[in-house]
$ cat start.txt   # compact mmCIF, C-alpha atoms
# COMPACT_ATOMS: atom_id res chain seq x y z
CA MET A 566 -3.40 -118.21 -8.36
CA THR A 567 -1.17 -120.54 -6.34
CA GLU A 568 1.55 -119.28 -4.06
CA ASP A 569 4.24 -120.96 -6.21
CA HIS A 570 2.88 -119.33 -9.36
CA ASP A 571 2.77 -115.93 -7.67
CA ARG A 572 6.38 -116.35 -6.59
CA ALA A 573 7.37 -117.26 -10.14
CA ASP A 574 5.64 -114.16 -11.52
CA ARG A 575 7.66 -111.97 -9.20
CA THR A 576 10.95 -113.22 -10.71
CA LYS A 577 10.24 -111.18 -13.85
CA ILE A 578 9.49 -107.50 -14.37
CA GLY A 579 7.07 -106.89 -17.21
CA ASP A 580 5.53 -103.83 -18.76
CA ASP A 581 2.56 -103.99 -16.37
CA ASP A 582 4.90 -103.78 -13.36
CA LEU A 583 6.52 -100.50 -14.37
CA PRO A 584 3.95 -98.04 -12.93
CA ALA A 585 4.19 -99.71 -9.52
CA LEU A 586 7.98 -99.80 -9.67
CA ALA A 587 8.06 -96.11 -10.61
CA ARG A 588 5.80 -95.11 -7.72
CA GLY A 589 7.90 -97.03 -5.24
CA CYS A 590 11.21 -95.74 -6.59
CA ALA A 591 9.98 -92.15 -6.43
CA VAL A 592 9.01 -92.47 -2.77
CA LEU A 593 12.21 -94.29 -1.73
CA GLY A 594 14.32 -91.76 -3.64
CA GLY A 595 13.57 -88.92 -1.25
CA GLY A 596 12.96 -86.52 -4.12
CA GLY A 597 16.04 -87.57 -6.09
CA GLY A 598 17.16 -90.04 -8.71
CA GLY A 599 15.46 -88.26 -11.60
CA ASP A 600 11.89 -88.11 -12.87
CA PRO A 601 10.62 -91.73 -13.00
CA LEU A 602 8.32 -90.96 -15.97
CA VAL A 603 11.31 -90.94 -18.33
CA GLY A 604 12.44 -94.29 -16.95
CA VAL A 605 8.97 -95.80 -17.34
CA LEU A 606 8.72 -94.77 -20.99
CA MET A 607 12.17 -96.10 -21.85
CA ALA A 608 11.77 -99.35 -19.92
CA SER A 609 8.32 -99.93 -21.40
CA GLU A 610 9.61 -99.63 -24.95
CA ALA A 611 12.53 -101.95 -24.22
CA ILE A 612 10.42 -104.61 -22.48
CA ARG A 613 7.76 -104.59 -25.20
CA ARG A 614 10.45 -105.13 -27.80
CA HIS A 615 12.74 -107.56 -25.97
CA GLY A 616 10.55 -109.19 -23.31
CA ALA A 617 10.23 -109.16 -19.52
CA VAL A 618 13.38 -108.87 -17.41
CA ASP A 619 14.51 -111.53 -14.94
CA LEU A 620 14.68 -110.10 -11.41
CA VAL A 621 17.32 -112.10 -9.56
CA ASP A 622 18.63 -112.38 -6.04
CA LEU A 623 22.40 -112.24 -5.69
CA THR A 624 22.32 -115.74 -4.18
CA ASP A 625 21.01 -117.01 -7.54
CA LEU A 626 24.04 -115.78 -9.49
CA PRO A 627 27.51 -117.38 -9.74
CA ALA A 628 29.81 -116.06 -7.02
CA ASP A 629 32.54 -115.11 -9.50
CA GLY A 630 30.18 -113.39 -11.96
CA LEU A 631 30.67 -109.68 -12.68
CA VAL A 632 27.93 -107.26 -11.55
CA MET A 633 27.69 -103.80 -13.15
CA PRO A 634 26.18 -101.08 -10.88
CA CYS A 635 25.03 -98.22 -13.10
CA GLY A 636 22.65 -95.32 -13.57
CA LEU A 637 22.20 -91.65 -14.37
CA VAL A 638 24.60 -89.03 -13.02
CA GLY A 639 24.26 -85.25 -13.00
CA ALA A 640 21.48 -82.77 -12.37
CA PRO A 641 17.91 -84.17 -12.50
CA THR A 642 16.59 -80.90 -13.94
CA ILE A 643 18.83 -81.37 -16.98
CA ALA A 644 18.09 -85.09 -17.34
CA ILE A 645 14.40 -84.27 -17.94
CA GLU A 646 15.31 -82.68 -21.28
CA LYS A 647 18.66 -84.34 -22.10
CA LEU A 648 17.22 -87.77 -22.84
CA GLU A 649 19.13 -91.00 -23.38
CA ASN A 650 19.01 -92.75 -26.75
CA GLY A 651 18.70 -96.21 -25.16
CA GLY A 652 22.04 -97.57 -26.32
CA GLU A 653 24.10 -96.24 -23.43
CA GLY A 654 23.84 -99.44 -21.42
CA GLY A 655 25.26 -101.49 -24.27
CA ARG A 656 28.28 -99.18 -24.52
CA LEU A 657 28.83 -99.37 -20.76
CA VAL A 658 28.77 -103.17 -20.85
CA GLU A 659 31.11 -103.33 -23.86
CA GLU A 660 33.63 -101.02 -22.22
CA VAL A 661 33.41 -102.77 -18.83
CA GLN A 662 33.96 -106.15 -20.44
CA ALA A 663 36.92 -104.82 -22.43
CA LEU A 664 38.46 -103.33 -19.28
CA THR A 665 38.00 -106.39 -17.10
CA GLY A 666 38.18 -109.20 -19.64
CA ARG A 667 35.09 -110.70 -18.00
CA PRO A 668 31.44 -110.90 -19.09
CA VAL A 669 28.84 -108.93 -17.16
CA VAL A 670 26.34 -111.44 -15.71
CA ALA A 671 23.83 -108.93 -14.28
CA ILE A 672 22.97 -105.24 -14.13
CA MET A 673 22.23 -103.48 -10.84
CA PRO A 674 20.94 -99.95 -10.23
CA PHE A 675 23.41 -98.07 -8.08
CA GLU A 676 20.45 -96.33 -6.43
CA ILE A 677 16.78 -97.27 -6.24
CA GLY A 678 15.45 -93.72 -6.27
CA GLY A 679 13.46 -92.05 -9.03
CA SER A 680 14.41 -92.83 -12.62
CA ASN A 681 17.59 -94.58 -11.53
CA GLY A 682 15.57 -97.60 -10.45
CA LEU A 683 14.19 -97.85 -14.00
CA ILE A 684 16.77 -96.68 -16.56
CA PRO A 685 19.16 -99.61 -15.88
CA LEU A 686 16.15 -101.90 -16.29
CA THR A 687 15.94 -100.62 -19.86
CA TRP A 688 19.48 -101.81 -20.46
CA SER A 689 18.74 -105.19 -18.86
CA ALA A 690 15.87 -105.68 -21.30
CA ARG A 691 17.86 -104.59 -24.34
CA LEU A 692 20.87 -106.73 -23.45
CA ARG A 693 18.81 -109.63 -22.07
CA LEU A 694 20.73 -109.53 -18.81
CA PRO A 695 19.09 -110.15 -15.41
CA TYR A 696 18.32 -107.26 -13.06
CA VAL A 697 19.69 -107.60 -9.54
CA ASP A 698 17.21 -107.17 -6.67
CA ALA A 699 19.56 -104.86 -4.80
CA ASP A 700 21.17 -101.45 -5.07
CA GLY A 701 23.95 -99.40 -3.52
CA MET A 702 21.91 -96.99 -1.41
CA GLY A 703 18.42 -98.22 -0.51
CA ARG A 704 17.35 -94.68 -1.46
CA ALA A 705 19.00 -91.91 -3.54
CA PHE A 706 22.03 -89.78 -2.64
CA PRO A 707 23.75 -87.10 -4.73
CA THR A 708 27.38 -88.28 -4.72
CA MET A 709 29.35 -91.41 -5.59
CA PRO A 710 30.99 -91.95 -2.15
CA GLN A 711 27.49 -92.30 -0.69
CA MET A 712 27.12 -95.92 -1.75
CA THR A 713 27.29 -99.03 0.37
CA MET A 714 29.99 -100.40 -1.93
CA ASN A 715 32.26 -97.60 -0.72
CA LEU A 716 31.56 -98.51 2.91
CA ALA A 717 32.43 -102.13 2.07
CA GLY A 718 35.78 -101.14 0.56
CA VAL A 719 34.92 -101.84 -3.08
CA PRO A 720 37.09 -99.70 -5.42
CA SER A 721 35.10 -97.12 -7.39
CA SER A 722 37.63 -97.24 -10.24
CA PRO A 723 37.58 -97.89 -13.12
CA CYS A 724 34.49 -95.82 -13.80
CA VAL A 725 32.96 -95.72 -17.27
CA MET A 726 30.63 -92.94 -18.39
CA THR A 727 28.86 -92.23 -21.66
CA ASP A 728 26.02 -90.16 -23.07
CA GLU A 729 23.51 -90.00 -25.91
CA ARG A 730 26.08 -88.44 -28.26
CA LEU A 731 28.26 -91.59 -28.08
CA ASN A 732 30.93 -89.84 -25.98
CA THR A 733 32.58 -92.44 -23.75
CA LEU A 734 35.13 -91.88 -21.00
CA VAL A 735 37.06 -94.22 -18.69
CA ILE A 736 38.13 -92.72 -15.37
CA ARG A 737 40.83 -94.39 -13.29
CA THR A 738 41.59 -92.90 -9.89
CA GLY A 739 43.29 -93.72 -6.62
CA GLY A 740 40.18 -93.22 -4.51
CA VAL A 741 36.48 -92.48 -4.51
CA GLY A 742 36.99 -88.79 -3.74
CA TRP A 743 38.81 -88.33 -7.03
CA THR A 744 36.25 -90.50 -8.81
CA GLU A 745 33.50 -88.17 -7.61
CA ARG A 746 35.47 -85.05 -8.53
CA LEU A 747 36.38 -86.18 -12.04
CA LEU A 748 33.00 -87.78 -12.72
CA ARG A 749 31.21 -84.59 -11.67
CA SER A 750 33.39 -82.30 -13.78
CA SER A 751 33.13 -84.65 -16.76
CA THR A 752 29.35 -84.74 -16.39
CA ALA A 753 29.29 -80.96 -16.56
CA ALA A 754 31.37 -81.13 -19.76
CA PHE A 755 28.90 -83.68 -21.16
CA GLY A 756 26.14 -81.10 -20.73
CA GLY A 757 25.08 -81.72 -17.14
CA ALA A 758 23.82 -85.29 -17.37
CA ALA A 759 25.24 -88.65 -18.44
CA VAL A 760 25.23 -92.31 -17.38
CA ALA A 761 27.95 -94.24 -15.59
CA ALA A 762 29.04 -97.64 -14.33
CA LEU A 763 31.34 -97.91 -11.32
CA TYR A 764 32.09 -100.06 -8.27
CA LEU A 765 32.44 -103.07 -10.56
CA MET A 766 32.49 -106.22 -8.42
CA ASP A 767 31.89 -109.93 -8.40
CA VAL A 768 28.66 -111.40 -7.06
CA GLU A 769 30.29 -112.66 -3.87
CA THR A 770 31.40 -109.13 -3.03
CA ALA A 771 28.01 -107.70 -3.98
CA ARG A 772 26.30 -110.00 -1.49
CA ARG A 773 28.00 -108.16 1.40
CA ALA A 774 28.31 -104.71 -0.16
CA THR A 775 24.76 -103.81 -1.31
CA VAL A 776 21.25 -103.19 0.01
CA PRO A 777 19.34 -106.39 -0.80
CA GLY A 778 15.69 -106.53 -1.87
CA SER A 779 15.39 -102.86 -2.80
CA VAL A 780 13.74 -103.46 -6.19
CA SER A 781 11.19 -105.82 -4.63
CA ARG A 782 10.56 -103.26 -1.90
CA ALA A 783 9.85 -100.53 -4.45
CA LEU A 784 7.51 -102.84 -6.36
CA ALA A 785 5.60 -103.82 -3.22
CA LEU A 786 5.27 -100.20 -2.09
CA GLY A 787 4.09 -99.02 -5.52
CA THR A 788 1.56 -101.85 -5.71
CA ALA A 789 0.15 -100.95 -2.29
CA MET A 790 -0.11 -97.30 -3.32
CA ALA A 791 -2.23 -98.29 -6.34
CA CYS A 792 -4.53 -100.56 -4.33
CA PRO A 793 -5.86 -98.68 -1.28
CA ALA A 794 -8.07 -100.70 1.05
CA GLY A 795 -11.07 -98.45 0.44
CA ASP A 796 -12.16 -95.48 -1.65
CA SER A 797 -12.25 -93.27 1.43
CA LEU A 798 -8.68 -94.11 2.48
CA ASP A 799 -6.29 -91.16 2.36
CA PRO A 800 -3.54 -91.97 -0.20
CA VAL A 801 -0.91 -90.27 1.96
CA ASP A 802 -1.94 -92.46 4.88
CA VAL A 803 -1.40 -95.53 2.69
CA VAL A 804 2.23 -94.55 2.10
CA VAL A 805 2.76 -93.60 5.74
CA GLY A 806 1.35 -96.92 6.85
CA GLU A 807 3.41 -98.98 4.41
CA LEU A 808 6.65 -97.32 5.48
CA ASP A 809 5.85 -96.67 9.16
CA ALA A 810 6.68 -93.07 8.30
CA VAL A 811 6.11 -89.79 10.12
CA GLU A 812 4.02 -87.07 8.47
CA LEU A 813 5.89 -83.84 9.12
CA ILE A 814 3.42 -81.39 7.60
CA ARG A 815 0.53 -81.14 5.17
CA GLY A 816 -0.05 -77.90 3.33
CA LYS A 817 0.85 -75.73 0.35
CA VAL A 818 4.19 -75.06 -1.32
CA ILE A 819 4.64 -71.31 -0.94
CA ASP A 820 8.26 -70.85 -2.00
CA VAL A 821 10.78 -72.70 -4.17
CA GLU A 822 14.42 -71.67 -4.62
CA ARG A 823 16.37 -73.90 -6.97
CA GLU A 824 19.49 -73.61 -9.11
CA THR A 825 21.55 -76.05 -11.14
CA ALA A 826 25.32 -75.83 -10.83
CA GLY A 827 28.24 -78.24 -10.78
CA GLY A 828 26.09 -81.25 -11.64
CA PHE A 829 23.70 -80.73 -8.73
CA VAL A 830 20.34 -79.14 -8.10
CA ARG A 831 20.51 -77.10 -4.90
CA GLY A 832 17.89 -75.02 -3.13
CA SER A 833 15.07 -74.99 -0.65
CA VAL A 834 11.30 -75.36 -0.47
CA ILE A 835 8.87 -73.96 2.08
CA VAL A 836 5.59 -75.72 2.85
CA GLU A 837 2.92 -73.87 4.82
CA ASP A 838 0.14 -75.27 6.96
CA ALA A 839 -1.86 -72.05 7.11
CA ALA A 840 -4.53 -73.40 9.46
CA ALA A 841 -1.95 -74.35 12.08
CA GLY A 842 0.34 -71.39 11.39
CA ARG A 843 3.30 -73.69 10.60
CA LEU A 844 6.13 -73.49 8.10
CA LEU A 845 8.45 -76.35 7.15
CA ARG A 846 11.64 -75.69 5.19
CA LEU A 847 13.23 -78.40 3.05
CA GLU A 848 16.92 -78.20 2.12
CA ILE A 849 17.75 -79.80 -1.26
CA GLN A 850 20.81 -81.16 -3.04
CA ASN A 851 19.21 -83.31 -5.75
CA GLU A 852 17.43 -85.08 -2.83
CA ASN A 853 15.62 -83.66 0.19
CA LEU A 854 18.39 -83.43 2.79
CA ALA A 855 16.76 -81.85 5.83
CA ALA A 856 13.40 -80.63 7.12
CA LEU A 857 13.44 -77.76 9.59
CA GLU A 858 10.65 -76.08 11.55
CA ASP A 859 11.19 -73.05 13.79
CA GLY A 860 14.90 -73.74 13.75
CA ALA A 861 14.46 -77.34 14.89
CA VAL A 862 15.47 -80.31 12.75
CA ARG A 863 12.44 -82.52 12.15
CA ALA A 864 14.27 -85.01 9.90
CA CYS A 865 17.57 -85.19 8.05
CA VAL A 866 19.87 -87.42 6.03
CA PRO A 867 20.54 -90.27 5.93
CA ASP A 868 16.83 -90.81 6.74
CA ILE A 869 14.49 -90.33 3.80
CA ILE A 870 12.32 -87.24 3.35
CA THR A 871 9.72 -87.38 0.59
CA VAL A 872 7.12 -84.90 -0.66
CA LEU A 873 3.79 -86.46 -1.65
CA ASP A 874 0.89 -85.06 -3.63
CA THR A 875 -2.04 -85.03 -1.20
CA ARG A 876 -4.58 -86.12 -3.82
CA SER A 877 -2.72 -89.02 -5.39
CA GLY A 878 -0.22 -89.91 -2.69
CA GLU A 879 2.51 -90.07 -5.33
CA ALA A 880 5.95 -88.61 -4.73
CA ILE A 881 7.03 -85.31 -6.29
CA VAL A 882 10.71 -85.22 -7.27
CA THR A 883 12.62 -82.09 -6.33
CA GLU A 884 12.85 -80.76 -9.89
CA LYS A 885 9.03 -80.78 -10.19
CA LEU A 886 8.19 -78.94 -6.98
CA ARG A 887 6.20 -75.79 -7.78
CA TYR A 888 4.44 -72.96 -5.99
CA GLY A 889 0.86 -73.79 -5.06
CA GLN A 890 1.15 -77.57 -4.92
CA ARG A 891 -0.79 -79.25 -2.11
CA VAL A 892 1.60 -81.64 -0.49
CA ALA A 893 2.40 -83.77 2.51
CA VAL A 894 6.00 -84.15 3.66
CA ILE A 895 6.86 -87.50 5.22
CA ALA A 896 10.05 -88.95 6.70
CA PHE A 897 11.05 -92.53 7.33
CA GLY A 898 14.10 -94.51 8.33
CA CYS A 899 16.96 -95.40 6.03
CA PRO A 900 18.65 -98.81 5.81
CA ASP A 901 20.64 -99.53 8.95
CA VAL A 902 24.00 -99.36 7.19
CA TRP A 903 23.63 -95.57 6.95
CA ARG A 904 23.08 -95.26 10.71
CA THR A 905 26.47 -96.77 11.51
CA PRO A 906 29.41 -94.43 12.27
CA GLU A 907 30.86 -95.23 8.86
CA GLY A 908 27.56 -94.55 7.13
CA LEU A 909 26.98 -91.27 8.95
CA ALA A 910 30.51 -90.12 8.11
CA VAL A 911 29.72 -90.13 4.37
CA ALA A 912 25.94 -89.56 4.33
CA GLY A 913 25.00 -87.85 7.60
CA PRO A 914 24.34 -84.12 8.09
CA ALA A 915 28.03 -83.24 8.50
CA ALA A 916 28.82 -84.78 5.09
CA PHE A 917 26.60 -82.08 3.54
CA GLY A 918 28.05 -79.24 5.59
CA TYR A 919 25.37 -79.07 8.28
CA ARG A 920 26.43 -78.43 11.85
CA PHE A 921 23.51 -80.13 13.56
CA PRO A 922 23.83 -83.78 14.66
CA TYR A 923 21.91 -86.67 13.17
CA SER A 924 18.69 -87.51 14.98
CA PRO A 925 16.73 -90.52 13.69
CA VAL A 926 13.11 -90.02 12.75
CA ASP A 927 10.69 -91.41 15.30
CA SER A 928 9.23 -94.05 13.01
CA GLY A 929 10.42 -97.60 12.66
CA HIS A 930 12.62 -98.48 9.71
CA ASP A 931 13.70 -101.37 7.62
CA ARG A 932 16.00 -103.27 9.94
CA ALA A 933 16.51 -106.00 7.34
CA CYS A 934 18.42 -103.72 4.96
$ encode --input "start.txt" --output "structure tokens"
Amino acid sequence: MTEDHDRADRTKIGDDDLPALARGCAVLGGGGGGDPLVGVLMASEAIRRHGAVDLVDLTDLPADGLVMPCGLVGAPTIAIEKLENGGEGGRLVEEVQALTGRPVVAIMPFEIGGSNGLIPLTWSARLRLPYVDADGMGRAFPTMPQMTMNLAGVPSSPCVMTDERLNTLVIRTGGVGWTERLLRSSTAAFGGAAVAALYLMDVETARRATVPGSVSRALALGTAMACPAGDSLDPVDVVVGELDAVELIRGKVIDVERETAGGFVRGSVIVEDAAAGRLLRLEIQNENLAALEDGAVRACVPDIITVLDTRSGEAIVTEKLRYGQRVAVIAFGCPDVWRTPEGLAVAGPAAFGYRFPYSPVDSGHDRAC
């Protein structure tokens, strides 16, 4: 295969690419974004019926074109059972176009984590709209202010949300704090999970307000995870090597506390390395927020903490963590935008109520983001 042909193949996402994309999204999501299996099944059906999706760089789109960031909102534990019917994306686009009087030229996931890197792809296939190789987080976060579009000053309003029962709501607010508050309460009224489009913007704005290349990054990571260099290579080591991550602990899940309330999954998980006499505690709010050992912070937001199955190397989302699982917990650096003072103000430890300061993980991280 020539280099030019290989490059051309990467401009489309087909059915065969979905397992790799799902693996990568799950790892980058830090435990959040929803179970990618649901996204794979929905995207597979849509692509088989409507064809492969064009994956586009923002530089390839007209500067004045309208981009629609979108995805699932609510508690991931509920989204596992409260499934979409597939038509939600079409209703979002119709409402957005009616509100703005402009056609949507491309769909973008507002976060690359978990199922949220795949569900919007379903809508791209159904609507035959290109999928932007970018997102608003470079990972997954639990709230709407924690998007790069907010840091760039893009208004979050109007926000459109809908669900599988055809309920549709337009939220107009004076600021992102109210958008989050009303979106969260409306999601609870919708049954705990819904889909939404917000931070509507033109392509020129998106070029400075998003994390570029995140879909390609997830695809590359998932492909590497499926193709280890040798049969004897540890699958966890493959992920660690690809991300220049730090392995915090390897052991057994011995305790899981988890509850769903107010549109979030909150709780904690304890992983034990019995041989070394070590315990690592993970704090959760949809995503893994912090890893603590003997009172010391080993890693915390905005850096990414992911739990991997030690046999397969694949990520385990927070809603699927169970007692007895054999896991490795890794941490790796977030996109640089989250390490700025502005980024830390909305996505650092203090934004989640923690009193400890942010301390970057010791690995390298993606300076290009």
$ atom_distance --input "start.txt" --atom1 "atom CA of Asp859 of chain A" --atom2 "atom CA of Arg846 of chain A"
9.0 Å
$ atom_distance --input "start.txt" --atom1 "atom CA of Ala758 of chain A" --atom2 "atom CA of Gly639 of chain A"
4.4 Å
$ residues_around --input "start.txt" --residues "segment 730-747 of chain A" --least-positions-apart "5" --cutoff "12 Å" --atoms "all atoms listed in the file" --output "PDB file with C-alpha atoms, keeping the file's coordinate frame"
ATOM      1  CA  VAL A 638      24.600 -89.030 -13.020  1.00  0.00           C
ATOM      2  CA  GLY A 639      24.260 -85.250 -13.000  1.00  0.00           C
ATOM      3  CA  LYS A 647      18.660 -84.340 -22.100  1.00  0.00           C
ATOM      4  CA  LEU A 648      17.220 -87.770 -22.840  1.00  0.00           C
ATOM      5  CA  GLU A 649      19.130 -91.000 -23.380  1.00  0.00           C
ATOM      6  CA  ASN A 650      19.010 -92.750 -26.750  1.00  0.00           C
ATOM      7  CA  GLY A 651      18.700 -96.210 -25.160  1.00  0.00           C
ATOM      8  CA  GLY A 652      22.040 -97.570 -26.320  1.00  0.00           C
ATOM      9  CA  GLU A 653      24.100 -96.240 -23.430  1.00  0.00           C
ATOM     10  CA  GLY A 654      23.840 -99.440 -21.420  1.00  0.00           C
ATOM     11  CA  GLY A 655      25.260-101.490 -24.270  1.00  0.00           C
ATOM     12  CA  ARG A 656      28.280 -99.180 -24.520  1.00  0.00           C
ATOM     13  CA  LEU A 657      28.830 -99.370 -20.760  1.00  0.00           C
ATOM     14  CA  VAL A 658      28.770-103.170 -20.850  1.00  0.00           C
ATOM     15  CA  GLU A 659      31.110-103.330 -23.860  1.00  0.00           C
ATOM     16  CA  GLU A 660      33.630-101.020 -22.220  1.00  0.00           C
ATOM     17  CA  VAL A 661      33.410-102.770 -18.830  1.00  0.00           C
ATOM     18  CA  ALA A 663      36.920-104.820 -22.430  1.00  0.00           C
ATOM     19  CA  LEU A 664      38.460-103.330 -19.280  1.00  0.00           C
ATOM     20  CA  PRO A 707      23.750 -87.100  -4.730  1.00  0.00           C
ATOM     21  CA  THR A 708      27.380 -88.280  -4.720  1.00  0.00           C
ATOM     22  CA  MET A 709      29.350 -91.410  -5.590  1.00  0.00           C
ATOM     23  CA  PRO A 710      30.990 -91.950  -2.150  1.00  0.00           C
ATOM     24  CA  GLN A 711      27.490 -92.300  -0.690  1.00  0.00           C
ATOM     25  CA  MET A 712      27.120 -95.920  -1.750  1.00  0.00           C
ATOM     26  CA  MET A 714      29.990-100.400  -1.930  1.00  0.00           C
ATOM     27  CA  ASN A 715      32.260 -97.600  -0.720  1.00  0.00           C
ATOM     28  CA  LEU A 716      31.560 -98.510   2.910  1.00  0.00           C
ATOM     29  CA  GLY A 718      35.780-101.140   0.560  1.00  0.00           C
ATOM     30  CA  VAL A 719      34.920-101.840  -3.080  1.00  0.00           C
ATOM     31  CA  PRO A 720      37.090 -99.700  -5.420  1.00  0.00           C
ATOM     32  CA  SER A 721      35.100 -97.120  -7.390  1.00  0.00           C
ATOM     33  CA  SER A 722      37.630 -97.240 -10.240  1.00  0.00           C
ATOM     34  CA  PRO A 723      37.580 -97.890 -13.120  1.00  0.00           C
ATOM     35  CA  CYS A 724      34.490 -95.820 -13.800  1.00  0.00           C
ATOM     36  CA  VAL A 725      32.960 -95.720 -17.270  1.00  0.00           C
ATOM     37  CA  THR A 752      29.350 -84.740 -16.390  1.00  0.00           C
ATOM     38  CA  ALA A 753      29.290 -80.960 -16.560  1.00  0.00           C
ATOM     39  CA  ALA A 754      31.370 -81.130 -19.760  1.00  0.00           C
ATOM     40  CA  PHE A 755      28.900 -83.680 -21.160  1.00  0.00           C
ATOM     41  CA  GLY A 756      26.140 -81.100 -20.730  1.00  0.00           C
ATOM     42  CA  ALA A 758      23.820 -85.290 -17.370  1.00  0.00           C
ATOM     43  CA  ALA A 759      25.240 -88.650 -18.440  1.00  0.00           C
ATOM     44  CA  VAL A 760      25.230 -92.310 -17.380  1.00  0.00           C
ATOM     45  CA  ALA A 761      27.950 -94.240 -15.590  1.00  0.00           C
ATOM     46  CA  ALA A 762      29.040 -97.640 -14.330  1.00  0.00           C
ATOM     47  CA  LEU A 763      31.340 -97.910 -11.320  1.00  0.00           C
ATOM     48  CA  TYR A 764      32.090-100.060  -8.270  1.00  0.00           C
ATOM     49  CA  GLY A 827      28.240 -78.240 -10.780  1.00  0.00           C
ATOM     50  CA  GLY A 828      26.090 -81.250 -11.640  1.00  0.00           C
ATOM     51  CA  VAL A 911      29.720 -90.130   4.370  1.00  0.00           C
TER      52      VAL A 911
END
$ residues_around --input "start.txt" --residues "segment 875-880 of chain A" --least-positions-apart "6" --cutoff "7 Å" --atoms "all atoms listed in the file" --output "number ranges by chain"
A: 588, 591-592, 800-801, 891-893
$ atom_distance --input "start.txt" --atom1 "atom CA of Gly787 of chain A" --atom2 "atom CA of Val669 of chain A"
29.1 Å
$ residues_around --input "start.txt" --residues "Ile672 of chain A" --least-positions-apart "5" --cutoff "6 Å" --atoms "all atoms listed in the file" --output "ChimeraX atom specification"
/A:632-633,696
$ residues_around --input "start.txt" --residues "Cys590 of chain A" --least-positions-apart "3" --cutoff "7 Å" --atoms "all atoms listed in the file" --output "number ranges by chain"
A: 586-587, 593-594, 677-679, 682, 783
$ write_last_selection --input "start.txt" --atoms "C-alpha atoms" --output "compact mmCIF listing (two decimals), in the coordinates of the input"
# COMPACT_ATOMS: atom_id res chain seq x y z
CA LEU A 586 7.98 -99.80 -9.67
CA ALA A 587 8.06 -96.11 -10.61
CA LEU A 593 12.21 -94.29 -1.73
CA GLY A 594 14.32 -91.76 -3.64
CA ILE A 677 16.78 -97.27 -6.24
CA GLY A 678 15.45 -93.72 -6.27
CA GLY A 679 13.46 -92.05 -9.03
CA GLY A 682 15.57 -97.60 -10.45
CA ALA A 783 9.85 -100.53 -4.45
$ axis_aligned_box --input "start.txt" --around "segment 608-626 of chain A" --padding-each-side "5 Å" --output "AutoDock Vina command-line options"
--center_x 15.9 --center_y -108.2 --center_z -16.0 --size_x 26.3 --size_y 27.7 --size_z 33.6
$ closest_residue --input "start.txt" --among "A:Leu606, A:Met673, A:Ala856, A:Val926" --to "Leu620 of chain A" --atoms "all atoms listed in the file"
A:Met673
$ closest_residue --input "start.txt" --among "A:Leu847, A:Leu631, A:Val605, A:Ile835" --to "Pro695 of chain A" --atoms "only C-alpha atoms"
A:Leu631
$ closest_residue --input "start.txt" --among "A:Cys899, A:Ala608, A:Leu683, A:Ala910" --to "Gly703 of chain A" --atoms "only C-alpha atoms"
A:Cys899
$ residues_around --input "start.txt" --residues "Glu837 of chain A" --least-positions-apart "5" --cutoff "10 Å" --atoms "only C-alpha atoms" --output "VMD selection string"
chain A and resid 814 to 820 842 to 846 891 to 892
$ closest_residue --input "start.txt" --among "A:Met790, A:Val621, A:Leu886, A:Leu909" --to "Pro867 of chain A" --atoms "only C-alpha atoms"
A:Leu909
$ closest_residue --input "start.txt" --among "A:Pro685, A:Pro668, A:Pro601, A:Gly616" --to "Gly630 of chain A" --atoms "only C-alpha atoms"
A:Pro668
$ closest_atom_pairs --input "start.txt" --of "segment 639-719 of chain A" --to "segment 576-579 of chain A" --cutoff "12 Å" --atoms "all atoms listed in the file" --output "CSV"
residue,atom,partner,partner_atom,distance
A:Leu683,CA,A:Ile578,CA,10.7
A:Leu686,CA,A:Ile578,CA,8.9
A:Thr687,CA,A:Ile578,CA,10.9
A:Ser689,CA,A:Ile578,CA,10.5
A:Ala690,CA,A:Ile578,CA,9.6
A:Arg693,CA,A:Lys577,CA,12.0
A:Leu694,CA,A:Lys577,CA,11.7
A:Pro695,CA,A:Lys577,CA,9.0
A:Tyr696,CA,A:Ile578,CA,8.9
A:Val697,CA,A:Thr576,CA,10.5
A:Asp698,CA,A:Thr576,CA,9.6
$ closest_residue --input "start.txt" --among "A:Asp868, A:Glu858, A:Glu848, A:Glu646" --to "Asp600 of chain A" --atoms "all atoms listed in the file"
A:Glu646
$ build_atoms --input "start.txt" --residues "segment 743-749 of chain A" --atoms "N, CA and C atoms" --output "PDB file, keeping the file's coordinate frame"
ATOM      1  N   TRP A 743      38.412 -88.763  -5.697  1.00  0.00           N
ATOM      2  CA  TRP A 743      38.810 -88.330  -7.030  1.00  0.00           C
ATOM      3  C   TRP A 743      37.839 -88.832  -8.079  1.00  0.00           C
ATOM      4  N   THR A 744      37.270 -90.020  -7.870  1.00  0.00           N
ATOM      5  CA  THR A 744      36.250 -90.500  -8.810  1.00  0.00           C
ATOM      6  C   THR A 744      35.083 -89.537  -8.858  1.00  0.00           C
ATOM      7  N   GLU A 745      34.608 -89.122  -7.684  1.00  0.00           N
ATOM      8  CA  GLU A 745      33.500 -88.170  -7.610  1.00  0.00           C
ATOM      9  C   GLU A 745      33.873 -86.854  -8.286  1.00  0.00           C
ATOM     10  N   ARG A 746      35.067 -86.342  -7.989  1.00  0.00           N
ATOM     11  CA  ARG A 746      35.470 -85.050  -8.530  1.00  0.00           C
ATOM     12  C   ARG A 746      35.550 -85.080 -10.056  1.00  0.00           C
ATOM     13  N   LEU A 747      36.209 -86.096 -10.591  1.00  0.00           N
ATOM     14  CA  LEU A 747      36.380 -86.180 -12.040  1.00  0.00           C
ATOM     15  C   LEU A 747      35.090 -86.554 -12.752  1.00  0.00           C
ATOM     16  N   LEU A 748      34.288 -87.422 -12.128  1.00  0.00           N
ATOM     17  CA  LEU A 748      33.000 -87.780 -12.720  1.00  0.00           C
ATOM     18  C   LEU A 748      32.088 -86.556 -12.779  1.00  0.00           C
ATOM     19  N   ARG A 749      32.093 -85.758 -11.713  1.00  0.00           N
ATOM     20  CA  ARG A 749      31.210 -84.590 -11.670  1.00  0.00           C
ATOM     21  C   ARG A 749      31.640 -83.554 -12.709  1.00  0.00           C
TER      22      ARG A 749
END
